[in-house]
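Chemist: My structure is stored as my_file-v2.cif, with mmCIF, C-alpha atoms.
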```cif
data_start
loop_
_atom_site.label_atom_id
_atom_site.label_comp_id
_atom_site.auth_asym_id
_atom_site.auth_seq_id
_atom_site.Cartn_x
_atom_site.Cartn_y
_atom_site.Cartn_z
CA MET A 1113 0.00 0.00 0.00
CA GLN A 1114 1.40 3.38 -1.01
CA THR A 1115 1.61 6.22 1.48
CA HIS A 1116 -0.34 9.32 0.56
CA PRO A 1117 1.98 12.22 -0.57
CA ILE A 1118 0.70 14.51 2.18
CA VAL A 1119 1.49 11.87 4.81
CA ARG A 1120 4.99 11.41 3.36
CA ARG A 1121 5.61 15.16 3.53
CA PHE A 1122 4.38 15.27 7.13
CA VAL A 1123 6.68 12.39 8.12
CA LEU A 1124 9.69 14.11 6.50
CA LEU A 1125 8.89 17.43 8.19
CA PHE A 1126 8.45 15.68 11.54
CA ALA A 1127 11.78 13.84 11.12
CA CYS A 1128 13.65 17.06 10.36
CA THR A 1129 12.31 18.80 13.45
CA MET A 1130 12.80 16.00 15.99
CA PRO A 1131 15.56 16.46 18.59
CA ALA A 1132 18.95 15.35 17.34
CA SER A 1133 19.42 12.98 20.30
CA LEU A 1134 16.69 10.69 18.94
CA PHE A 1135 18.64 10.19 15.74
CA ALA A 1136 22.21 10.26 17.04
CA GLU A 1137 22.72 6.51 16.69
CA ASP A 1138 21.80 6.37 12.99
CA LEU A 1139 23.15 9.74 11.83
CA PRO A 1140 26.12 9.50 9.48
CA ARG A 1141 29.58 10.42 10.67
CA ILE A 1142 30.53 13.82 9.27
CA ASN A 1143 33.89 14.49 7.66
CA LEU A 1144 35.15 18.01 8.35
CA TYR A 1145 38.08 19.81 6.77
CA THR A 1146 39.84 23.00 7.72
CA GLU A 1147 43.06 24.89 6.96
CA ASN A 1148 45.66 26.96 8.76
CA TYR A 1149 43.94 30.33 9.01
CA GLY A 1150 44.89 32.90 11.59
CA THR A 1151 43.56 32.30 15.07
CA PHE A 1152 40.40 30.59 13.79
CA ASN A 1153 41.84 27.20 12.83
CA TYR A 1154 45.40 25.97 12.76
CA SER A 1155 47.79 23.10 13.43
CA LEU A 1156 48.99 23.13 17.03
CA GLU A 1157 52.35 21.92 15.76
CA GLY A 1158 52.58 24.42 12.91
CA ALA A 1159 52.22 21.64 10.37
CA ALA A 1160 50.65 21.86 6.91
CA TYR A 1161 48.55 18.72 7.49
CA GLU A 1162 46.81 17.23 10.51
CA HIS A 1163 44.64 14.14 10.87
CA ASP A 1164 42.99 14.51 14.29
CA ILE A 1165 41.14 17.22 16.17
CA GLU A 1166 43.56 16.82 19.09
CA ASP A 1167 46.22 18.44 16.88
CA ILE A 1168 44.04 21.30 15.59
CA GLY A 1169 43.33 24.49 17.55
CA GLY A 1170 41.64 27.83 17.06
CA THR A 1171 38.57 29.73 18.17
CA ALA A 1172 36.45 28.41 15.30
CA THR A 1173 37.63 24.85 15.96
CA GLU A 1174 36.47 25.18 19.55
CA ILE A 1175 33.02 26.34 18.43
CA VAL A 1176 32.70 23.58 15.83
CA GLU A 1177 33.64 20.95 18.41
CA LYS A 1178 31.04 22.37 20.82
CA LEU A 1179 28.42 22.25 18.07
CA PHE A 1180 28.95 18.59 17.28
CA ASN A 1181 29.11 17.62 20.94
CA GLU A 1182 25.89 19.52 21.66
CA ALA A 1183 24.18 17.88 18.67
CA ASN A 1184 25.62 14.47 19.60
CA ILE A 1185 26.97 13.90 16.09
CA ASP A 1186 30.14 11.94 15.38
CA PHE A 1187 32.71 13.65 13.17
CA LYS A 1188 36.25 13.37 11.87
CA LEU A 1189 38.37 16.51 11.42
CA ARG A 1190 41.38 16.91 9.16
CA LEU A 1191 43.54 19.92 8.33
CA ARG A 1192 44.64 20.33 4.71
CA THR A 1193 45.23 23.13 2.23
CA TRP A 1194 42.27 25.41 1.53
CA SER A 1195 41.77 24.12 -2.02
CA VAL A 1196 41.59 20.49 -0.89
CA SER A 1197 39.34 21.27 2.09
CA TYR A 1198 36.94 23.37 0.03
CA GLU A 1199 36.71 20.93 -2.88
CA ARG A 1200 35.93 17.99 -0.60
CA ALA A 1201 33.02 19.88 0.96
CA VAL A 1202 31.71 21.00 -2.44
CA GLU A 1203 31.82 17.54 -3.95
CA ARG A 1204 30.88 15.07 -1.20
CA PRO A 1205 27.68 14.65 0.84
CA ASN A 1206 28.18 14.66 4.63
CA TYR A 1207 31.38 16.70 4.24
CA GLY A 1208 31.95 20.22 5.56
CA VAL A 1209 34.61 22.92 5.68
CA TYR A 1210 35.35 25.83 8.00
CA SER A 1211 36.12 28.68 8.48
CA THR A 1212 34.34 29.69 5.28
CA GLY A 1213 33.36 33.20 4.23
CA ARG A 1214 29.67 33.28 3.35
CA THR A 1215 29.57 35.17 0.07
CA ASP A 1216 26.95 35.57 -2.65
CA SER A 1217 28.91 33.36 -5.04
CA ARG A 1218 29.05 30.54 -2.47
CA GLU A 1219 25.57 30.86 -0.98
CA ALA A 1220 23.88 28.13 -3.04
CA LEU A 1221 26.83 25.74 -2.82
CA PHE A 1222 26.38 24.87 0.86
CA GLU A 1223 24.13 24.56 3.86
CA TRP A 1224 25.45 27.09 6.38
CA VAL A 1225 25.90 26.80 10.15
CA GLY A 1226 27.16 29.72 12.18
CA PRO A 1227 28.84 32.09 12.16
CA VAL A 1228 31.79 30.51 13.94
CA GLY A 1229 33.91 33.67 13.65
CA GLN A 1230 34.16 37.04 11.96
CA TYR A 1231 36.88 39.13 10.38
CA ASN A 1232 37.49 41.99 7.98
CA TRP A 1233 38.49 42.05 4.33
CA ILE A 1234 41.19 44.68 3.94
CA LEU A 1235 43.61 46.08 1.40
CA LEU A 1236 47.21 46.20 2.57
CA ALA A 1237 49.81 48.55 1.09
CA LYS A 1238 53.43 49.38 1.89
CA GLU A 1239 53.97 51.53 4.97
CA GLY A 1240 54.09 55.21 4.01
CA HIS A 1241 52.11 54.71 0.81
CA ASN A 1242 50.45 57.71 -0.83
CA LEU A 1243 47.35 55.88 -2.05
CA ASN A 1244 43.96 57.49 -1.42
CA ILE A 1245 41.39 54.71 -1.32
CA ASP A 1246 37.99 55.73 -0.02
CA SER A 1247 35.87 53.28 -2.02
CA LEU A 1248 36.29 50.32 -4.34
CA SER A 1249 36.12 52.63 -7.36
CA ASP A 1250 39.50 54.03 -6.28
CA LEU A 1251 41.04 50.66 -7.16
CA ASN A 1252 40.76 51.42 -10.86
CA GLY A 1253 44.24 51.55 -12.31
CA LEU A 1254 45.88 49.88 -9.29
CA ARG A 1255 47.71 46.57 -9.42
CA ILE A 1256 45.96 44.22 -7.00
CA GLY A 1257 47.46 41.03 -5.61
CA GLY A 1258 45.42 38.24 -4.05
CA TYR A 1259 45.27 34.66 -2.87
CA GLU A 1260 43.88 32.14 -5.36
CA GLY A 1261 40.41 30.92 -4.37
CA ASP A 1262 40.14 33.26 -1.37
CA ALA A 1263 36.68 34.72 -0.72
CA ALA A 1264 37.91 38.32 -0.66
CA THR A 1265 39.82 37.84 -3.90
CA THR A 1266 36.79 36.21 -5.52
CA PHE A 1267 34.62 39.11 -4.35
CA LEU A 1268 36.83 41.70 -6.05
CA GLN A 1269 36.98 39.64 -9.21
CA GLY A 1270 33.19 39.44 -9.16
CA GLN A 1271 33.07 43.23 -8.99
CA GLY A 1272 35.04 43.34 -12.24
CA TYR A 1273 38.52 44.06 -10.85
CA GLN A 1274 41.60 42.31 -12.19
CA VAL A 1275 43.42 40.51 -9.38
CA SER A 1276 46.79 38.86 -9.88
CA THR A 1277 46.44 35.71 -7.78
CA LEU A 1278 49.01 33.31 -6.35
CA PRO A 1279 48.59 29.87 -4.71
CA ASN A 1280 50.90 31.01 -1.88
CA GLU A 1281 49.59 34.09 -0.07
CA SER A 1282 52.90 34.90 1.65
CA LEU A 1283 54.37 35.94 -1.69
CA ASN A 1284 51.97 38.89 -1.83
CA ALA A 1285 53.86 40.63 0.99
CA GLN A 1286 57.05 40.22 -1.01
CA ARG A 1287 55.34 41.56 -4.13
CA LEU A 1288 54.27 44.66 -2.19
CA ALA A 1289 57.79 45.21 -0.93
CA ASN A 1290 59.20 44.92 -4.45
CA ASP A 1291 56.58 47.23 -6.01
CA LEU A 1292 55.14 44.44 -8.12
CA ILE A 1293 51.64 45.22 -6.83
CA ASP A 1294 50.08 48.32 -5.27
CA VAL A 1295 47.67 46.65 -2.86
CA TRP A 1296 47.10 43.18 -1.47
CA ILE A 1297 43.56 41.97 -0.81
CA THR A 1298 43.60 39.88 2.37
CA SER A 1299 42.13 39.81 5.90
CA ASP A 1300 43.04 41.51 9.14
CA ILE A 1301 43.26 38.12 10.83
CA ASN A 1302 45.80 36.78 8.36
CA GLY A 1303 47.51 39.54 6.37
CA PHE A 1304 49.70 41.15 9.02
CA LYS A 1305 50.73 37.76 10.41
CA ILE A 1306 51.67 36.44 6.98
CA ALA A 1307 53.62 39.61 6.15
CA ALA A 1308 55.64 39.35 9.36
CA GLU A 1309 56.32 35.64 9.00
CA SER A 1310 57.42 36.02 5.37
CA GLY A 1311 59.97 38.68 6.30
CA TYR A 1312 58.13 41.70 4.87
CA PRO A 1313 56.32 43.23 7.87
CA ASP A 1314 56.24 46.84 6.67
CA VAL A 1315 52.60 46.92 5.55
CA GLU A 1316 49.57 48.90 6.65
CA GLU A 1317 45.85 48.91 6.06
CA ALA A 1318 44.90 51.11 3.12
CA PHE A 1319 41.18 50.34 3.04
CA ARG A 1320 38.66 48.18 4.89
CA ILE A 1321 36.16 46.55 2.56
CA ARG A 1322 33.72 44.79 4.88
CA THR A 1323 33.20 42.64 7.96
CA VAL A 1324 32.50 39.03 7.02
CA GLY A 1325 31.05 36.16 9.01
CA LEU A 1326 32.90 32.85 8.92
CA TYR A 1327 30.80 29.69 8.84
CA LEU A 1328 30.80 25.94 8.84
CA ALA A 1329 29.81 25.17 5.24
CA MET A 1330 28.18 21.76 4.71
CA ASN A 1331 27.64 19.98 1.41
CA PRO A 1332 23.97 20.57 0.44
CA GLU A 1333 23.34 16.82 0.10
CA THR A 1334 24.28 16.23 3.72
CA ASP A 1335 21.64 14.37 5.73
CA PRO A 1336 19.09 17.13 6.55
CA ARG A 1337 18.77 15.84 10.11
CA VAL A 1338 22.44 16.71 10.62
CA ILE A 1339 21.94 20.28 9.39
CA ASN A 1340 18.85 20.69 11.57
CA ALA A 1341 20.63 19.31 14.64
CA LEU A 1342 23.67 21.55 14.14
CA ASN A 1343 21.56 24.69 13.73
CA THR A 1344 19.51 23.77 16.80
CA ALA A 1345 22.72 23.20 18.75
CA TYR A 1346 24.08 26.54 17.56
CA ASP A 1347 20.98 28.38 18.77
CA SER A 1348 21.23 26.67 22.15
CA LEU A 1349 24.91 27.55 22.55
CA ILE A 1350 24.20 31.19 21.63
CA ALA A 1351 21.37 31.33 24.17
CA GLU A 1352 23.62 29.84 26.85
CA GLY A 1353 26.40 32.31 26.11
CA GLU A 1354 28.76 29.54 24.99
CA ILE A 1355 29.22 31.33 21.64
CA ALA A 1356 29.75 35.08 21.56
CA PHE A 1357 31.55 37.58 19.37
CA ASP A 1358 32.82 41.04 20.33
#
```
Any chance you could put this one into structure tokens?
Modeler:
Amino acid sequence: MQTHPIVRRFVLLFACTMPASLFAEDLPRINLYTENYGTFNYSLEGAAYEHDIEDIGGTATEIVEKLFNEANIDFKLRLRTWSVSYERAVERPNYGVYSTGRTDSREALFEWVGPVGQYNWILLAKEGHNLNIDSLSDLNGLRIGGYEGDAATTFLQGQGYQVSTLPNESLNAQRLANDLIDVWITSDINGFKIAAESGYPDVEEAFRIRTVGLYLAMNPETDPRVINALNTAYDSLIAEGEIAFD
């Protein structure tokens, strides 16, 4: 005997709104990926790759771990390069990546949970520069350097600006120092740190573009009960003061 369509829809709606604890035993294990990114997520040993959450730190990592514990969902966390982490989440159900800037171009690619952090997109220039940048239109005619695949870089490209991108962001500080670019599109959480570590610390903020929320981005074909449980857990942690941003 076939179930009436209205009944099927009611059962699905009911399943998606039930407490996560009732489903914990049969929910799939989630595979999470992250990268070394400022104070949000990073290898505790300074390594390029990590295989276990015990070796991965950061404020966003702490929030993500709280989320999954609150929702009672099993997960595996690995740290890889951004391109690998992002592609896995885009391509595979029950995979996710953080900390991910939630931009218009990415909106339909994921189910979003968060934010798990926030930061600013900025333009860095050499100390003592004579650039006058009061709006994006002032970028016309300037040589812009960026990080390949980065949300801020993608945003500027989407606005019609030519950005010379590199797969290694630390080289942008060197390019600034050698007058190969005029400005470097990056973030306040990462840019100054990268410039100092690469040996070219003499940079300063020339323009602040926007404040951006960072999220856990889940593949849209992830089990909907997982997404519902994570969002419910997030709301509970916010209400309890376990997640807060300045």
Chemist: Would you work out the distance separating atom CA of Asn1280 of chain A from atom CA of Gly1258 of chain A, expressed in Å to one decimal?
Modeler: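 Atom CA of Gly1258 of chain A lies at a distance of 9.3 Å from atom CA of Asn1280 of chain A.
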Chemist: List the spatial neighbours of Asn1143 of chain A as a PDB file with C-alpha atoms, in the frame of the given file - criterion: any atom at most 9 Å away, only C-alpha atoms, same-chain residues fewer than 4 positions off excluded.
Modeler:
```
ATOM      1  CA  ASP A1186      30.140  11.940  15.380  1.00  0.00           C
ATOM      2  CA  PHE A1187      32.710  13.650  13.170  1.00  0.00           C
ATOM      3  CA  LYS A1188      36.250  13.370  11.870  1.00  0.00           C
ATOM      4  CA  LEU A1189      38.370  16.510  11.420  1.00  0.00           C
ATOM      5  CA  ARG A1190      41.380  16.910   9.160  1.00  0.00           C
ATOM      6  CA  ALA A1201      33.020  19.880   0.960  1.00  0.00           C
ATOM      7  CA  ASN A1206      28.180  14.660   4.630  1.00  0.00           C
ATOM      8  CA  TYR A1207      31.380  16.700   4.240  1.00  0.00           C
ATOM      9  CA  GLY A1208      31.950  20.220   5.560  1.00  0.00           C
ATOM     10  CA  VAL A1209      34.610  22.920   5.680  1.00  0.00           C
TER      11      VAL A1209
END
```
Chemist: Looking at A:Leu1243, A:Leu1236, A:Leu1254, A:Ala1341, which one is nearest to Asn1284 of chain A, with distances taken over only C-alpha atoms?
Modeler: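 Among the listed residues, A:Leu1236 lies closest to Asn1284 of chain A.
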Chemist: Evaluate the PyMOL selection byres ((chain A and resi 1259) around 10) here and jot the selected residues down as a ChimeraX atom specification.
Modeler: /A:1257-1258,1260-1266,1275-1284,1296-1298
Chemist: Could you state the separation of atom CA of Leu1349 of chain A and atom CA of Ala1172 of chain A in Å, given to one decimal place?
Modeler: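 Atom-to-atom, atom CA of Leu1349 of chain A to atom CA of Ala1172 of chain A, that is 13.7 Å.
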Chemist: Skipping near chain neighbours, those fewer than 2 positions away, what residues fall within 10 Å of Val1225 of chain A using only C-alpha atoms, listed as number ranges by chain?
Modeler: A: 1176, 1179, 1210, 1222-1223, 1227-1228, 1326-1330, 1339-1340, 1342-1346
Chemist: Could you list, as JSON, numbers by chain, every residue matched by the PyMOL selection byres ((chain A and resi 1311-1325) around 8) in this structure?
Modeler: {"A": [1213, 1214, 1227, 1228, 1229, 1230, 1231, 1232, 1233, 1234, 1235, 1236, 1237, 1238, 1239, 1243, 1244, 1245, 1246, 1247, 1248, 1285, 1286, 1289, 1295, 1304, 1307, 1308, 1309, 1310, 1326, 1327]}
Chemist: Mind writing the picked residues with C-alpha atoms as a compact mmCIF listing (two decimals), in the coordinates of the input?
Modeler:
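Writing the result to again_25.txt gives the following:
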```txt
# COMPACT_ATOMS: atom_id res chain seq x y z
CA GLY A 1213 33.36 33.20 4.23
CA ARG A 1214 29.67 33.28 3.35
CA PRO A 1227 28.84 32.09 12.16
CA VAL A 1228 31.79 30.51 13.94
CA GLY A 1229 33.91 33.67 13.65
CA GLN A 1230 34.16 37.04 11.96
CA TYR A 1231 36.88 39.13 10.38
CA ASN A 1232 37.49 41.99 7.98
CA TRP A 1233 38.49 42.05 4.33
CA ILE A 1234 41.19 44.68 3.94
CA LEU A 1235 43.61 46.08 1.40
CA LEU A 1236 47.21 46.20 2.57
CA ALA A 1237 49.81 48.55 1.09
CA LYS A 1238 53.43 49.38 1.89
CA GLU A 1239 53.97 51.53 4.97
CA LEU A 1243 47.35 55.88 -2.05
CA ASN A 1244 43.96 57.49 -1.42
CA ILE A 1245 41.39 54.71 -1.32
CA ASP A 1246 37.99 55.73 -0.02
CA SER A 1247 35.87 53.28 -2.02
CA LEU A 1248 36.29 50.32 -4.34
CA ALA A 1285 53.86 40.63 0.99
CA GLN A 1286 57.05 40.22 -1.01
CA ALA A 1289 57.79 45.21 -0.93
CA VAL A 1295 47.67 46.65 -2.86
CA PHE A 1304 49.70 41.15 9.02
CA ALA A 1307 53.62 39.61 6.15
CA ALA A 1308 55.64 39.35 9.36
CA GLU A 1309 56.32 35.64 9.00
CA SER A 1310 57.42 36.02 5.37
CA LEU A 1326 32.90 32.85 8.92
CA TYR A 1327 30.80 29.69 8.84
```
Chemist: If you measure from atom CA of Tyr1154 of chain A to atom CA of Arg1204 of chain A, what distance in Å do you get, rounded to one decimal?
Modeler: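 Between atom CA of Tyr1154 of chain A and atom CA of Arg1204 of chain A the gap is 22.9 Å.
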Chemist: Can you fill out segment 1137-1155 of chain A with N, CA, C and O atoms and hand it back as a tab-separated table (two decimals), in the coordinates of the input?
Modeler:
```tsv
chain	number	residue	atom	x	y	z
A	1137	GLU	N	22.14	7.81	16.97
A	1137	GLU	CA	22.72	6.51	16.69
A	1137	GLU	C	22.74	6.18	15.20
A	1137	GLU	O	23.61	5.45	14.75
A	1138	ASP	N	21.82	6.72	14.41
A	1138	ASP	CA	21.80	6.37	12.99
A	1138	ASP	C	22.17	7.53	12.08
A	1138	ASP	O	22.09	7.43	10.86
A	1139	LEU	N	22.65	8.64	12.65
A	1139	LEU	CA	23.15	9.74	11.83
A	1139	LEU	C	24.51	9.37	11.26
A	1139	LEU	O	25.31	8.70	11.93
A	1140	PRO	N	24.82	9.82	10.05
A	1140	PRO	CA	26.12	9.50	9.48
A	1140	PRO	C	27.24	10.26	10.18
A	1140	PRO	O	27.03	11.33	10.72
A	1141	ARG	N	28.42	9.68	10.16
A	1141	ARG	CA	29.58	10.42	10.67
A	1141	ARG	C	29.94	11.49	9.64
A	1141	ARG	O	29.97	11.25	8.45
A	1142	ILE	N	30.23	12.69	10.14
A	1142	ILE	CA	30.53	13.82	9.27
A	1142	ILE	C	32.04	13.98	9.14
A	1142	ILE	O	32.78	13.87	10.12
A	1143	ASN	N	32.49	14.24	7.93
A	1143	ASN	CA	33.89	14.49	7.66
A	1143	ASN	C	34.10	15.99	7.49
A	1143	ASN	O	33.53	16.60	6.58
A	1144	LEU	N	34.88	16.57	8.38
A	1144	LEU	CA	35.15	18.01	8.35
A	1144	LEU	C	36.59	18.27	7.93
A	1144	LEU	O	37.51	17.52	8.28
A	1145	TYR	N	36.75	19.37	7.19
A	1145	TYR	CA	38.08	19.81	6.77
A	1145	TYR	C	38.26	21.28	7.15
A	1145	TYR	O	37.31	22.05	7.18
A	1146	THR	N	39.50	21.62	7.45
A	1146	THR	CA	39.84	23.00	7.72
A	1146	THR	C	41.25	23.26	7.20
A	1146	THR	O	41.89	22.38	6.63
A	1147	GLU	N	41.73	24.49	7.40
A	1147	GLU	CA	43.06	24.89	6.96
A	1147	GLU	C	43.73	25.69	8.08
A	1147	GLU	O	43.11	26.01	9.09
A	1148	ASN	N	44.99	26.01	7.88
A	1148	ASN	CA	45.66	26.96	8.76
A	1148	ASN	C	45.19	28.36	8.39
A	1148	ASN	O	45.47	28.84	7.29
A	1149	TYR	N	44.46	29.00	9.30
A	1149	TYR	CA	43.94	30.33	9.01
A	1149	TYR	C	43.86	31.16	10.27
A	1149	TYR	O	42.90	31.06	11.05
A	1150	GLY	N	44.89	31.98	10.46
A	1150	GLY	CA	44.89	32.90	11.59
A	1150	GLY	C	44.66	32.22	12.91
A	1150	GLY	O	45.19	31.13	13.18
A	1151	THR	N	43.87	32.86	13.76
A	1151	THR	CA	43.56	32.30	15.07
A	1151	THR	C	42.29	31.46	15.06
A	1151	THR	O	41.88	30.93	16.09
A	1152	PHE	N	41.67	31.33	13.89
A	1152	PHE	CA	40.40	30.59	13.79
A	1152	PHE	C	40.61	29.09	13.76
A	1152	PHE	O	39.90	28.34	14.41
A	1153	ASN	N	41.57	28.62	12.96
A	1153	ASN	CA	41.84	27.20	12.83
A	1153	ASN	C	43.29	27.01	12.39
A	1153	ASN	O	43.75	27.69	11.46
A	1154	TYR	N	43.99	26.12	13.08
A	1154	TYR	CA	45.40	25.97	12.76
A	1154	TYR	C	45.96	24.70	13.41
A	1154	TYR	O	45.40	24.17	14.37
A	1155	SER	N	47.07	24.22	12.85
A	1155	SER	CA	47.79	23.10	13.43
A	1155	SER	C	48.50	23.55	14.71
A	1155	SER	O	49.20	24.56	14.71
```
